[in-house]
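What follows is one structure encoded as structure tokens, with my remarks underneath.
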Amino acid sequence: MRAVKVPPNSASLEEAHHRVFDFFKQACRSIPTVMEIYNLDDVVTPSQLRSTIAKEIRKNQNITNPKVIDMLPFKGMEELNNIVEHAKQRHHVIGQYVIGQEGLVQELGSKDQGSSDFLKKFYTSNYF
């Protein structure tokens with residue numbers, strides 16, 4: 001990956017959206033590298049990571065200010081560069097992009113059948 005430079009402001013909303021799509025393409029192209037660096041094959045598939053990236057981008061779909069839209073892919077590129085340059089550890093990547101906001105408890109499902117209500121509430125409240 002190359003160094004991230006601050007691009008000039010977009011002239012229009014369409015140009016800002018185009019930059020977001022370019023960032024999405026670049027992030028998707030780096031998924032195989034990230035999967036290899038962090039050995040994520042046993043916990044997530046490339047399509048699940050692609051969906052997570054798309055979900056993160058869609059969180060900001062209601063923003064209409066081109067200057068703010070320009071800032072978001074820049075921050076995303078910084079994050080992507082940190083991941084590709086191995087500035088994060090495996091558990092950081094798994095925690096942010098594999099487990100995400102849903103938490104681990106929902107994915108385990110049947111393993112919690114023998115747990116007490118106290119433990120279920122504890123696990124739910126302590127997984128981000």
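Residues in the structure tokens are named by chain (A, B, ... in the order shown) and by number from 1 within that chain; ligands are numbered from 1 in the order shown.
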
Residues near Leu13 in chain A, anyone? I mean within 12 Å using only C-alpha atoms, not counting same-chain ones fewer than 3 positions away, as an mmCIF file with C-alpha atoms, in the first residue's frame.
data_model
loop_
_atom_site.group_PDB
_atom_site.id
_atom_site.type_symbol
_atom_site.label_atom_id
_atom_site.label_comp_id
_atom_site.auth_asym_id
_atom_site.auth_seq_id
_atom_site.Cartn_x
_atom_site.Cartn_y
_atom_site.Cartn_z
ATOM 1 C CA ASN A 9 -12.086 18.387 -1.702
ATOM 2 C CA SER A 10 -14.700 16.951 -4.021
ATOM 3 C CA ALA A 16 -17.478 12.307 -3.241
ATOM 4 C CA HIS A 17 -19.592 9.175 -3.739
ATOM 5 C CA HIS A 18 -17.230 8.057 -6.493
ATOM 6 C CA ARG A 19 -14.325 8.304 -4.031
ATOM 7 C CA VAL A 20 -16.235 6.172 -1.542
ATOM 8 C CA GLN A 61 -25.137 6.820 3.759
ATOM 9 C CA ILE A 63 -24.428 12.202 5.038
ATOM 10 C CA THR A 64 -24.832 14.825 2.312
ATOM 11 C CA ASN A 65 -21.910 17.185 2.959
ATOM 12 C CA PRO A 66 -19.170 16.425 0.381
ATOM 13 C CA LYS A 67 -16.404 17.569 2.756
ATOM 14 C CA VAL A 68 -17.522 15.082 5.405
ATOM 15 C CA ILE A 69 -17.900 12.342 2.797
ATOM 16 C CA ASP A 70 -14.328 13.073 1.614
#

Q: Enumerate, as a ChimeraX atom specification, the complete set of residues in range 41-122 of chain A that a backbone-based DSSP assignment places in helix (DSSP H, G or I).
A: /A:46-58,66-84,90-99,104-112,117-122

Within 10 Å of Val44 in chain A using only C-alpha atoms, minus same-chain residues under 4 positions, as a PDB file with C-alpha atoms, in the first residue's frame:
ATOM      1  CA  MET A  35      -6.861 -12.880   5.426  1.00  0.00           C
ATOM      2  CA  ASN A  39      -4.692 -16.019   9.402  1.00  0.00           C
ATOM      3  CA  LEU A  40      -8.443 -15.382   9.404  1.00  0.00           C
ATOM      4  CA  GLN A  48     -18.233 -11.957   5.278  1.00  0.00           C
ATOM      5  CA  LEU A  49     -15.416  -9.406   5.475  1.00  0.00           C
ATOM      6  CA  ILE A  94     -11.313 -10.141  14.850  1.00  0.00           C
ATOM      7  CA  TYR A  97     -14.519  -6.730  11.927  1.00  0.00           C
ATOM      8  CA  VAL A  98     -15.442 -10.357  12.605  1.00  0.00           C
ATOM      9  CA  ILE A  99     -17.349 -10.228  15.879  1.00  0.00           C
TER      10      ILE A  99
END

(Q) One decimal, in Å: what's the spacing between CA of Lys121 in chain A and CA of Lys55 in chain A? (A)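 That distance, rounded to one decimal, is 26.8 Å.
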
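CA of Asn82 in chain A to CA of Glu15 in chain A spans 25.6 Å [interatomic distance, one decimal].
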
Q. For Pro46 in chain A, which residue among A:His91, A:Asn62, A:Tyr123, A:Ala27 is the nearest when counting only C-alpha atoms?
A.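 The closest residue to Pro46 in chain A is A:Ala27.
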
Q.
For Gln89 in chain A, find every residue with an atom within 10 Å (counting only C-alpha atoms), except residues of its own chain fewer than 4 positions away, and show them as a list in words.
A.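 Near Gln89 in chain A, the qualifying residues are Ile37, Tyr38, Ile83, Val93 and Ile94 of chain A.
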
Q.
Excluding Ile31 in chain A and its own-chain neighbours fewer than 2 positions away, which residues fall within 10 Å of it when counting only C-alpha atoms? Please give them as an MDAnalysis selection string.
A. chainID A and resid 26:29 33:37 45:47 49:50 53 80 84

Please produce a file of the residues just selected, as a PDB file, in the first residue's frame, where the atoms kept are C-alpha atoms.
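Result file is again_3.pdb:
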ATOM      1  CA  GLN A  26      -9.532  -0.976  -2.833  1.00  0.00           C
ATOM      2  CA  ALA A  27     -10.609  -2.381   0.535  1.00  0.00           C
ATOM      3  CA  CYS A  28     -12.156  -5.440  -1.153  1.00  0.00           C
ATOM      4  CA  ARG A  29      -8.995  -6.016  -3.180  1.00  0.00           C
ATOM      5  CA  THR A  33      -3.890 -10.005   1.921  1.00  0.00           C
ATOM      6  CA  VAL A  34      -5.578  -9.304   5.248  1.00  0.00           C
ATOM      7  CA  MET A  35      -6.861 -12.880   5.426  1.00  0.00           C
ATOM      8  CA  GLU A  36      -3.317 -14.163   4.894  1.00  0.00           C
ATOM      9  CA  ILE A  37      -1.567 -11.724   7.260  1.00  0.00           C
ATOM     10  CA  THR A  45     -14.772 -15.899   4.901  1.00  0.00           C
ATOM     11  CA  PRO A  46     -13.786 -13.181   2.427  1.00  0.00           C
ATOM     12  CA  SER A  47     -17.450 -12.562   1.595  1.00  0.00           C
ATOM     13  CA  LEU A  49     -15.416  -9.406   5.475  1.00  0.00           C
ATOM     14  CA  ARG A  50     -16.698  -7.747   2.305  1.00  0.00           C
ATOM     15  CA  ILE A  53     -16.878  -3.341   4.961  1.00  0.00           C
ATOM     16  CA  LEU A  80      -6.865  -0.133   5.986  1.00  0.00           C
ATOM     17  CA  VAL A  84      -2.312  -4.181   5.921  1.00  0.00           C
TER      18      VAL A  84
END

Q | Pick from A:Glu56, A:Glu78, A:Glu85, A:Glu14 nearest to Gly100 in chain A, counting only C-alpha atoms | A |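 Between A:Glu56, A:Glu78, A:Glu85, A:Glu14, the residue approaching Gly100 in chain A most closely is A:Glu56.
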
Q: Provide the CA of Val43 in chain A to CA of Ser30 in chain A distance in Å, to one decimal place.
A: 17.4 Å
